[in-house]
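Just protein.txt here, compact mmCIF, C-alpha atoms:
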# COMPACT_ATOMS: atom_id res chain seq x y z
CA MET T 192 58.13 -32.73 -20.88
CA ALA T 193 60.70 -30.29 -19.58
CA ALA T 194 60.88 -29.61 -15.87
CA PHE T 195 60.33 -26.06 -14.67
CA TYR T 196 62.44 -25.68 -11.53
CA GLY T 197 62.06 -29.38 -10.90
CA VAL T 198 58.33 -29.47 -11.65
CA THR T 199 57.24 -31.58 -14.59
CA LEU T 200 53.85 -30.61 -15.94
CA ASP T 201 51.45 -32.89 -17.80
CA SER T 202 50.32 -30.15 -20.16
CA PRO T 203 52.44 -27.77 -22.29
CA MET T 204 49.82 -25.10 -21.74
CA MET T 205 49.88 -22.26 -19.22
CA LEU T 206 46.85 -20.01 -19.07
CA GLY T 207 46.12 -16.54 -17.74
CA THR T 208 43.16 -15.75 -15.51
CA ALA T 209 42.27 -12.24 -16.74
CA GLN T 210 39.59 -10.84 -19.05
CA TYR T 211 37.08 -13.70 -18.93
CA PRO T 212 33.41 -12.73 -19.05
CA SER T 213 32.73 -14.60 -15.79
CA PRO T 214 34.40 -16.86 -13.22
CA LYS T 215 32.49 -19.83 -14.64
CA VAL T 216 33.79 -19.19 -18.15
CA LEU T 217 37.30 -18.99 -16.69
CA ALA T 218 36.89 -22.33 -14.90
CA ASP T 219 35.41 -23.95 -18.03
CA ALA T 220 38.32 -22.69 -20.14
CA PHE T 221 40.83 -24.16 -17.69
CA ALA T 222 39.01 -27.47 -17.63
CA ALA T 223 38.89 -27.57 -21.43
CA SER T 224 42.56 -26.68 -21.80
CA GLY T 225 44.00 -29.07 -19.25
CA ALA T 226 46.46 -26.27 -18.41
CA GLY T 227 48.70 -27.06 -15.46
CA VAL T 228 49.61 -23.48 -14.59
CA ALA T 229 47.52 -20.36 -13.99
CA THR T 230 49.05 -16.90 -13.99
CA VAL T 231 47.73 -14.49 -11.37
CA SER T 232 48.59 -11.03 -10.08
CA LEU T 233 48.09 -8.90 -7.01
CA ARG T 234 46.42 -5.55 -6.74
CA ARG T 235 45.14 -3.18 -4.08
CA GLU T 236 42.70 -4.88 -1.72
CA ALA T 237 39.17 -3.85 -2.63
CA GLY T 238 37.14 -6.89 -1.63
CA GLY T 239 36.85 -9.80 -4.05
CA GLY T 240 40.46 -10.90 -3.66
CA GLN T 241 39.51 -13.84 -1.49
CA ASP T 242 36.77 -14.97 -3.89
CA PHE T 243 39.33 -14.94 -6.65
CA ARG T 244 41.80 -16.90 -4.53
CA ALA T 245 39.11 -19.54 -3.90
CA LEU T 246 38.33 -19.69 -7.62
CA VAL T 247 41.99 -20.26 -8.50
CA GLU T 248 42.47 -22.85 -5.77
CA GLY T 249 39.45 -24.68 -7.18
CA LEU T 250 41.20 -25.01 -10.54
CA GLY T 251 43.66 -27.44 -9.01
CA VAL T 252 46.61 -26.01 -10.94
CA ARG T 253 49.95 -24.54 -10.00
CA VAL T 254 49.93 -20.75 -9.59
CA LEU T 255 52.43 -18.45 -11.29
CA PRO T 256 52.12 -14.89 -9.92
CA ASN T 257 53.29 -12.05 -12.15
CA THR T 258 54.74 -8.59 -11.70
CA ALA T 259 52.58 -7.18 -14.49
CA GLY T 260 52.57 -3.42 -14.83
CA CYS T 261 55.90 -2.94 -13.05
CA HIS T 262 58.22 -0.52 -14.81
CA SER T 263 61.08 -0.34 -12.32
CA VAL T 264 63.34 -2.90 -10.67
CA LYS T 265 62.24 -1.82 -7.21
CA GLU T 266 58.53 -2.13 -8.04
CA ALA T 267 59.04 -5.56 -9.57
CA VAL T 268 61.14 -6.86 -6.68
CA THR T 269 58.72 -5.60 -4.02
CA THR T 270 55.76 -7.01 -5.96
CA ALA T 271 57.51 -10.38 -6.22
CA GLN T 272 58.20 -10.41 -2.48
CA MET T 273 54.55 -9.65 -1.76
CA ALA T 274 53.42 -12.30 -4.25
CA ARG T 275 55.58 -14.98 -2.65
CA GLU T 276 53.94 -14.42 0.71
CA LEU T 277 50.42 -14.01 -0.68
CA PHE T 278 50.42 -17.07 -2.94
CA GLY T 279 52.90 -19.24 -1.04
CA THR T 280 55.12 -19.97 -4.03
CA ALA T 281 58.68 -19.08 -5.02
CA TRP T 282 57.64 -18.99 -8.68
CA ILE T 283 57.42 -15.52 -10.18
CA LYS T 284 56.69 -14.42 -13.73
CA LEU T 285 59.00 -11.45 -13.83
CA GLU T 286 57.83 -8.54 -15.96
CA VAL T 287 59.75 -5.29 -16.02
CA ILE T 288 58.07 -3.25 -18.72
CA GLY T 289 60.21 -0.79 -20.64
CA HIS T 290 57.91 0.61 -23.30
CA ALA T 291 54.36 1.81 -22.85
CA ASP T 292 52.98 1.04 -26.33
CA THR T 293 54.58 -2.34 -26.99
CA LEU T 294 54.89 -3.46 -23.35
CA GLN T 295 58.34 -4.58 -24.39
CA PRO T 296 60.49 -5.75 -21.48
CA ASP T 297 63.17 -3.39 -20.19
CA PRO T 298 66.15 -5.73 -20.69
CA PHE T 299 68.44 -3.86 -18.30
CA GLY T 300 65.92 -3.71 -15.48
CA LEU T 301 64.88 -7.29 -16.13
CA VAL T 302 68.39 -8.65 -15.62
CA GLU T 303 68.90 -6.59 -12.48
CA ALA T 304 65.57 -7.64 -10.97
CA ALA T 305 66.22 -11.27 -11.91
CA ARG T 306 69.60 -11.18 -10.17
CA ILE T 307 68.09 -9.79 -6.97
CA LEU T 308 65.18 -12.24 -6.95
CA CYS T 309 67.25 -15.33 -7.79
CA ALA T 310 69.60 -14.42 -4.93
CA GLU T 311 66.57 -14.26 -2.63
CA GLY T 312 65.55 -17.77 -3.60
CA PHE T 313 62.85 -16.98 -6.13
CA GLU T 314 62.33 -19.26 -9.11
CA VAL T 315 62.14 -16.67 -11.82
CA PHE T 316 60.26 -16.98 -15.12
CA PRO T 317 61.48 -13.86 -16.94
CA TYR T 318 59.24 -12.35 -19.61
CA THR T 319 61.90 -11.47 -22.16
CA THR T 320 62.52 -10.74 -25.80
CA GLU T 321 64.21 -13.31 -28.05
CA ASP T 322 67.56 -11.50 -27.75
CA LEU T 323 70.38 -14.03 -27.32
CA VAL T 324 72.64 -11.82 -25.24
CA LEU T 325 69.82 -10.90 -22.91
CA ALA T 326 68.98 -14.59 -22.55
CA GLU T 327 72.58 -15.34 -21.60
CA ARG T 328 72.55 -12.58 -18.99
CA LEU T 329 69.30 -13.85 -17.50
CA LEU T 330 70.75 -17.34 -17.20
CA GLN T 331 73.88 -15.90 -15.57
CA ALA T 332 71.61 -14.03 -13.16
CA GLY T 333 70.27 -17.39 -12.02
CA CYS T 334 67.14 -17.91 -14.12
CA GLY T 335 66.40 -21.57 -14.86
CA VAL T 336 63.60 -20.83 -17.34
CA LEU T 337 63.20 -18.30 -20.15
CA MET T 338 59.93 -16.90 -21.44
CA PRO T 339 60.46 -15.08 -24.75
CA TRP T 340 57.55 -13.19 -26.22
CA GLY T 341 55.91 -14.36 -29.41
CA ALA T 342 54.60 -10.86 -30.03
CA PRO T 343 53.58 -7.92 -27.80
CA ILE T 344 51.09 -8.79 -25.05
CA GLY T 345 47.50 -8.87 -26.20
CA THR T 346 48.20 -8.43 -29.92
CA GLY T 347 47.53 -11.95 -31.17
CA LEU T 348 50.21 -11.45 -33.83
CA GLY T 349 51.77 -14.85 -33.17
CA LEU T 350 55.47 -15.53 -33.62
CA ASN T 351 56.81 -12.18 -34.73
CA ASN T 352 60.43 -13.14 -35.17
CA ARG T 353 60.69 -16.78 -36.17
CA TYR T 354 64.38 -16.57 -36.93
CA GLY T 355 65.10 -15.07 -33.50
CA LEU T 356 62.98 -17.64 -31.69
CA ARG T 357 64.59 -20.53 -33.60
CA SER T 358 68.04 -19.15 -32.77
CA LEU T 359 67.19 -18.79 -29.11
CA ARG T 360 65.88 -22.34 -28.93
CA ALA T 361 68.97 -23.70 -30.67
CA GLN T 362 71.37 -21.65 -28.59
CA PHE T 363 70.20 -22.97 -25.22
CA PRO T 364 68.87 -26.46 -25.89
CA GLU T 365 68.84 -27.48 -22.22
CA VAL T 366 66.94 -24.48 -20.87
CA PRO T 367 63.17 -24.91 -20.42
CA MET T 368 61.49 -22.20 -22.48
CA VAL T 369 57.94 -20.92 -22.72
CA ILE T 370 56.53 -18.74 -25.49
CA ASP T 371 54.77 -16.07 -23.47
CA ALA T 372 52.44 -13.49 -24.98
CA GLY T 373 51.25 -12.57 -28.43
CA LEU T 374 49.67 -15.85 -29.47
CA GLY T 375 46.37 -15.35 -31.28
CA MET T 376 45.59 -18.66 -32.97
CA PRO T 377 46.26 -22.33 -32.19
CA SER T 378 48.38 -22.79 -35.33
CA GLN T 379 50.90 -20.39 -33.78
CA ALA T 380 50.99 -22.50 -30.63
CA ALA T 381 51.64 -25.60 -32.73
CA GLU T 382 54.46 -23.81 -34.54
CA ALA T 383 56.04 -22.71 -31.25
CA MET T 384 56.02 -26.30 -30.01
CA GLU T 385 57.33 -27.58 -33.35
CA MET T 386 60.26 -25.18 -32.92
CA GLY T 387 61.07 -26.99 -29.70
CA TYR T 388 59.59 -24.69 -27.11
CA ASP T 389 58.49 -26.53 -24.00
CA ALA T 390 55.25 -24.71 -23.29
CA ILE T 391 53.07 -21.79 -24.27
CA LEU T 392 51.55 -19.16 -22.00
CA LEU T 393 48.55 -17.20 -23.21
CA ASN T 394 45.53 -15.35 -21.95
CA THR T 395 43.83 -12.88 -24.28
CA ALA T 396 43.37 -15.26 -27.24
CA VAL T 397 41.34 -17.60 -25.02
CA ALA T 398 39.59 -15.10 -22.76
CA LYS T 399 38.49 -12.84 -25.62
CA ALA T 400 37.34 -15.61 -27.96
CA GLY T 401 33.58 -15.89 -28.45
CA ASP T 402 33.77 -19.37 -26.91
CA PRO T 403 36.75 -19.37 -24.53
CA ALA T 404 36.43 -23.05 -23.57
CA ALA T 405 36.46 -24.16 -27.21
CA MET T 406 39.44 -21.93 -27.96
CA ALA T 407 41.27 -23.20 -24.88
CA ARG T 408 40.74 -26.76 -26.08
CA ALA T 409 41.91 -25.82 -29.58
CA PHE T 410 45.11 -24.29 -28.22
CA ALA T 411 45.76 -27.32 -26.01
CA MET T 412 45.31 -29.72 -28.94
CA ALA T 413 47.53 -27.59 -31.18
CA ALA T 414 50.25 -27.38 -28.56
CA GLU T 415 50.10 -31.12 -28.03
CA ALA T 416 50.24 -31.73 -31.80
CA GLY T 417 53.29 -29.48 -32.07
CA ARG T 418 54.98 -31.23 -29.17
CA LEU T 419 54.39 -34.66 -30.70
CA ALA T 420 55.66 -33.46 -34.08
CA ARG T 421 58.85 -32.07 -32.55
CA GLY T 422 59.47 -35.38 -30.79
CA ALA T 423 58.84 -37.29 -34.02
CA ASP T 424 61.96 -35.80 -35.69
CA PRO T 425 60.40 -33.87 -38.62
CA MET T 426 61.72 -34.16 -42.17
CA ALA T 427 63.92 -31.38 -43.52
CA PRO T 428 62.20 -29.13 -46.09
CA ARG T 429 63.68 -28.97 -49.63
CA ASP T 430 63.10 -26.74 -52.63
CA MET T 431 62.71 -29.30 -55.43
CA ALA T 432 59.94 -31.87 -55.63
CA ALA T 433 60.72 -35.49 -54.78
CA PRO T 434 58.10 -38.06 -55.82
CA SER T 435 56.86 -40.17 -52.98
CA THR T 436 55.36 -42.89 -55.19
CA PRO T 437 58.02 -45.30 -56.62
CA LEU T 438 58.92 -44.71 -60.31
CA ILE T 439 60.16 -48.28 -60.76
CA GLY T 440 57.51 -50.49 -62.29
CA LYS T 441 55.50 -47.64 -63.77
CA ALA T 442 53.64 -48.75 -66.95
CA TRP T 443 54.49 -47.45 -70.47
CA LEU T 444 51.17 -45.97 -71.56
CA GLU T 445 52.10 -43.43 -74.26
CA MET F 208 47.79 10.35 12.34
CA ARG F 209 47.24 10.81 8.63
CA ILE F 210 48.71 8.17 6.32
CA GLU F 211 48.03 7.02 2.79
CA ILE F 212 46.54 3.55 2.31
CA ASN F 213 46.32 2.20 -1.21
CA GLY F 214 46.58 5.74 -2.52
CA THR F 215 43.85 7.18 -0.31
CA PRO F 216 44.70 9.52 2.60
CA GLN F 217 43.26 8.20 5.85
CA GLU F 218 43.22 9.15 9.50
CA VAL F 219 44.22 6.24 11.75
CA GLU F 220 44.46 5.76 15.52
CA ASP F 221 47.11 3.07 15.76
CA ASP F 222 50.78 3.36 14.96
CA THR F 223 51.86 -0.12 13.87
CA LEU F 224 51.05 -1.72 10.54
CA ASP F 225 49.54 -4.71 12.27
CA ALA F 226 47.17 -2.60 14.34
CA VAL F 227 46.17 -0.37 11.44
CA LEU F 228 45.21 -3.40 9.35
CA GLU F 229 43.07 -4.52 12.24
CA GLU F 230 41.60 -1.05 12.67
CA LEU F 231 40.62 -0.88 9.01
CA GLY F 232 39.24 -4.40 8.90
CA HIS F 233 41.72 -5.90 6.45
CA PRO F 234 42.05 -9.68 6.78
CA HIS F 235 45.60 -10.28 8.09
CA GLU F 236 46.33 -13.62 6.50
CA SER F 237 45.07 -12.92 3.02
CA VAL F 238 46.82 -9.68 2.14
CA ALA F 239 50.41 -8.67 1.49
CA THR F 240 51.75 -5.34 2.69
CA ALA F 241 54.36 -2.75 1.80
CA LEU F 242 55.41 0.38 3.67
CA ASN F 243 56.86 3.27 1.65
CA GLY F 244 57.62 0.87 -1.20
CA GLU F 245 59.30 -1.82 0.93
CA PHE F 246 57.75 -5.23 1.50
CA VAL F 247 56.70 -5.89 5.10
CA ALA F 248 56.29 -9.60 5.78
CA ARG F 249 53.33 -10.81 7.81
CA GLY F 250 55.48 -11.55 10.84
CA GLU F 251 57.08 -8.08 10.80
CA ARG F 252 53.92 -6.01 10.75
CA GLY F 253 53.75 -5.72 14.52
CA ALA F 254 57.19 -4.10 14.59
CA ALA F 255 56.51 -1.81 11.63
CA ARG F 256 55.98 1.66 13.14
CA LEU F 257 53.97 4.12 11.09
CA ARG F 258 54.68 7.83 10.86
CA GLU F 259 52.68 10.76 9.56
CA GLY F 260 52.56 10.71 5.76
CA ASP F 261 53.63 7.06 5.36
CA ARG F 262 52.42 5.18 2.29
CA VAL F 263 50.94 1.74 2.97
CA GLU F 264 50.01 -0.73 0.25
CA VAL F 265 47.65 -3.60 1.05
CA LEU F 266 47.43 -6.06 -1.82
CA ALA F 267 45.19 -9.05 -2.50
CA PRO F 268 45.08 -11.80 -5.15
CA MET F 269 43.85 -10.62 -8.54
CA LYS F 270 43.41 -12.08 -11.99
CA GLY F 271 46.41 -11.78 -14.26
CA GLY F 272 47.98 -12.85 -17.53

Representation of the structure as structure tokens:
Amino acid sequence: MAAFYGVTLDSPMMLGTAQYPSPKVLADAFAASGAGVATVSLRREAGGGQDFRALVEGLGVRVLPNTAGCHSVKEAVTTAQMARELFGTAWIKLEVIGHADTLQPDPFGLVEAARILCAEGFEVFPYTTEDLVLAERLLQAGCGVLMPWGAPIGTGLGLNNRYGLRSLRAQFPEVPMVIDAGLGMPSQAAEAMEMGYDAILLNTAVAKAGDPAAMARAFAMAAEAGRLARGADPMAPRDMAAPSTPLIGKAWLE
Amino acid sequence: MRIEINGTPQEVEDDTLDAVLEELGHPHESVATALNGEFVARGERGAARLREGDRVEVLAPMKGG
């Protein structure tokens, strides 16, 4: 397994904590998935925050706070600073949203915020597109992990740009990378891992399933299958058939 | 003095962030604060002077994706 800022995780699965029907369903989904990381956020204090903190601490996983909903560099940086104090971790899932309908990252704001946060000692997990130049700039800004989207957040459309994601993986083979957002079905998680991604991060596909724990388990198994397959050095596809059964020794039966 | 806390205008007696949190019953250790858009670390709240019209954000852990 790849190390994320020096931390090696047992599971290639990272799971969000939003949208579950109840805290118990959330906890069951985490247990079923074996996920090693939980994403969390911070919002205006309205009671309930401490119950949620206790729930997350009970999961026994590493916490990855996000800057979800931030549209400007300043908002994202301030949110990250608050998250570091609140959750006691330098990890931050950096989201700088640039488009209201697609929740596509603002690449320019993302690089600027990443530069500021890396300089302040944060360990930044940037939510990015699969753009190669943007990836390069994020690495130059100090990011040690990249998190390209599979598809827009919450869509369940899977891996929208396979060519782009393959290129990104091939371009930076040493950089730990997580497919973040857009996964809808376990087969897509398996494919992401087969491409060589190091982990997957998802929320909606599990939380909104009729049986979140079963879906969490399905994603975990698919991700593990994809990881094993990648490590097993897959065959190269070809266009023409090639018989697998030997022709030599075949009987003459005409 | 009238300030805005989490988007709601409020009348407060005290004039430091630390004291206002106390006044309003927010648990010190389990929230993060910002004043006019700038992060104020836990240890700096006592020195953070509030003025009329200031915007204070008091944030707590929340679910997220």

Review point. If you count only C-alpha atoms, which residues fall within 7 Å of Leu266 of chain F, apart from same-chain ones fewer than 2 positions away, as a list in words?
Key: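 My list of contacting residues is Leu233, Arg234, Arg235 and Glu236 of chain T; Val238, Ala239, Thr240 and Glu264 of chain F.
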
Chain F near chain T within 10 Å: what's each residue's closest atom pair and its distance in Å to one decimal, counting all atoms listed in the file, ordered by chain then ascending residue number, as a Markdown table?
| residue | atom | partner | partner_atom | distance |
| --- | --- | --- | --- | --- |
| F:Ile212 | CA | T:Arg235 | CA | 9.4 |
| F:Asn213 | CA | T:Arg235 | CA | 6.2 |
| F:Gly214 | CA | T:Arg235 | CA | 9.2 |
| F:His233 | CA | T:Glu236 | CA | 8.3 |
| F:Pro234 | CA | T:Gln241 | CA | 9.6 |
| F:Glu236 | CA | T:Leu277 | CA | 8.3 |
| F:Ser237 | CA | T:Leu277 | CA | 6.6 |
| F:Val238 | CA | T:Leu277 | CA | 6.3 |
| F:Ala239 | CA | T:Met273 | CA | 5.4 |
| F:Thr240 | CA | T:Met273 | CA | 6.8 |
| F:Ala241 | CA | T:Met273 | CA | 7.8 |
| F:Gly244 | CA | T:Thr269 | CA | 7.1 |
| F:Glu245 | CA | T:Thr269 | CA | 6.3 |
| F:Phe246 | CA | T:Thr269 | CA | 5.6 |
| F:Val247 | CA | T:Met273 | CA | 8.1 |
| F:Ala248 | CA | T:Glu276 | CA | 7.4 |
| F:Arg249 | CA | T:Glu276 | CA | 8.0 |
| F:Glu264 | CA | T:Arg235 | CA | 7.0 |
| F:Val265 | CA | T:Arg235 | CA | 5.7 |
| F:Leu266 | CA | T:Arg235 | CA | 4.3 |
| F:Ala267 | CA | T:Glu236 | CA | 4.9 |
| F:Pro268 | CA | T:Leu233 | CA | 4.6 |
| F:Met269 | CA | T:Leu233 | CA | 4.8 |
| F:Lys270 | CA | T:Ala209 | CA | 4.9 |
| F:Gly271 | CA | T:Val231 | CA | 4.2 |
| F:Gly272 | CA | T:Gly207 | CA | 4.1 |

Point to revise | Length of the atom CA of Lys399 of chain T to atom CA of Met376 of chain T vector [Å] | key: 11.8 Å

Exercise for review: Take atom CA of Gly417 of chain T and atom CA of Ser202 of chain T and report the distance between them in Å, one decimal.
Suggested key: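 Computing the Euclidean distance for atom CA of Gly417 of chain T and atom CA of Ser202 of chain T yields 12.3 Å.
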
Review point. Can you find the residues with an atom no farther than 6 Å from (43.0, 3.6, 11.9), counting all atoms listed in the file, and report them as a PyMOL selection string?
Key: chain F and resi 219-221+227+230-231

Practice item. Write out as a PyMOL selection string the residues lying within 8 Å of Ala381 of chain T, counting only C-alpha atoms and excluding same-chain residues fewer than 5 positions away. Key: chain T and resi 413-418

Point to revise | Pro298 of chain T surroundings by only C-alpha atoms, 8 Å radius, close-in-sequence under 6 positions cut, as JSON, numbers by chain | key: {"T": [287, 289, 319, 325]}

Kindly complete segment 404-426 of chain T to N, CA and C atoms; the output should be written as an mmCIF file, in the frame of the given file.
data_model
loop_
_atom_site.group_PDB
_atom_site.id
_atom_site.type_symbol
_atom_site.label_atom_id
_atom_site.label_comp_id
_atom_site.auth_asym_id
_atom_site.auth_seq_id
_atom_site.Cartn_x
_atom_site.Cartn_y
_atom_site.Cartn_z
ATOM 1 N N ALA T 404 36.120 -21.639 -23.850
ATOM 2 C CA ALA T 404 36.430 -23.050 -23.570
ATOM 3 C C ALA T 404 36.838 -23.769 -24.845
ATOM 4 N N ALA T 405 36.121 -23.511 -25.934
ATOM 5 C CA ALA T 405 36.460 -24.160 -27.210
ATOM 6 C C ALA T 405 37.841 -23.718 -27.682
ATOM 7 N N MET T 406 38.123 -22.422 -27.512
ATOM 8 C CA MET T 406 39.440 -21.930 -27.960
ATOM 9 C C MET T 406 40.548 -22.494 -27.074
ATOM 10 N N ALA T 407 40.274 -22.622 -25.792
ATOM 11 C CA ALA T 407 41.270 -23.200 -24.880
ATOM 12 C C ALA T 407 41.594 -24.633 -25.291
ATOM 13 N N ARG T 408 40.560 -25.368 -25.639
ATOM 14 C CA ARG T 408 40.740 -26.760 -26.080
ATOM 15 C C ARG T 408 41.546 -26.799 -27.385
ATOM 16 N N ALA T 409 41.209 -25.878 -28.290
ATOM 17 C CA ALA T 409 41.910 -25.820 -29.580
ATOM 18 C C ALA T 409 43.395 -25.535 -29.383
ATOM 19 N N PHE T 410 43.702 -24.599 -28.499
ATOM 20 C CA PHE T 410 45.110 -24.290 -28.220
ATOM 21 C C PHE T 410 45.821 -25.499 -27.605
ATOM 22 N N ALA T 411 45.135 -26.167 -26.685
ATOM 23 C CA ALA T 411 45.760 -27.320 -26.010
ATOM 24 C C ALA T 411 46.058 -28.422 -27.023
ATOM 25 N N MET T 412 45.106 -28.677 -27.931
ATOM 26 C CA MET T 412 45.310 -29.720 -28.940
ATOM 27 C C MET T 412 46.440 -29.341 -29.899
ATOM 28 N N ALA T 413 46.481 -28.056 -30.271
ATOM 29 C CA ALA T 413 47.530 -27.590 -31.180
ATOM 30 C C ALA T 413 48.897 -27.702 -30.530
ATOM 31 N N ALA T 414 48.967 -27.303 -29.267
ATOM 32 C CA ALA T 414 50.250 -27.380 -28.560
ATOM 33 C C ALA T 414 50.698 -28.829 -28.440
ATOM 34 N N GLU T 415 49.769 -29.706 -28.160
ATOM 35 C CA GLU T 415 50.100 -31.120 -28.030
ATOM 36 C C GLU T 415 50.540 -31.693 -29.388
ATOM 37 N N ALA T 416 49.850 -31.278 -30.453
ATOM 38 C CA ALA T 416 50.240 -31.730 -31.800
ATOM 39 C C ALA T 416 51.653 -31.272 -32.127
ATOM 40 N N GLY T 417 51.955 -30.007 -31.804
ATOM 41 C CA GLY T 417 53.290 -29.480 -32.070
ATOM 42 C C GLY T 417 54.356 -30.201 -31.268
ATOM 43 N N ARG T 418 54.027 -30.526 -30.040
ATOM 44 C CA ARG T 418 54.980 -31.230 -29.170
ATOM 45 C C ARG T 418 55.274 -32.627 -29.711
ATOM 46 N N LEU T 419 54.211 -33.314 -30.124
ATOM 47 C CA LEU T 419 54.390 -34.660 -30.700
ATOM 48 C C LEU T 419 55.230 -34.598 -31.966
ATOM 49 N N ALA T 420 54.939 -33.599 -32.804
ATOM 50 C CA ALA T 420 55.660 -33.460 -34.080
ATOM 51 C C ALA T 420 57.143 -33.219 -33.826
ATOM 52 N N ARG T 421 57.448 -32.352 -32.874
ATOM 53 C CA ARG T 421 58.850 -32.070 -32.550
ATOM 54 C C ARG T 421 59.563 -33.364 -32.114
ATOM 55 N N GLY T 422 58.874 -34.143 -31.299
ATOM 56 C CA GLY T 422 59.470 -35.380 -30.790
ATOM 57 C C GLY T 422 59.593 -36.452 -31.858
ATOM 58 N N ALA T 423 58.844 -36.280 -32.956
ATOM 59 C CA ALA T 423 58.840 -37.290 -34.020
ATOM 60 C C ALA T 423 59.943 -37.053 -35.048
ATOM 61 N N ASP T 424 60.839 -36.070 -34.794
ATOM 62 C CA ASP T 424 61.960 -35.800 -35.690
ATOM 63 C C ASP T 424 61.469 -35.469 -37.107
ATOM 64 N N PRO T 425 60.994 -34.248 -37.328
ATOM 65 C CA PRO T 425 60.400 -33.870 -38.620
ATOM 66 C C PRO T 425 61.395 -33.954 -39.770
ATOM 67 N N MET T 426 60.885 -34.163 -40.963
ATOM 68 C CA MET T 426 61.720 -34.160 -42.170
ATOM 69 C C MET T 426 62.272 -32.756 -42.404
#
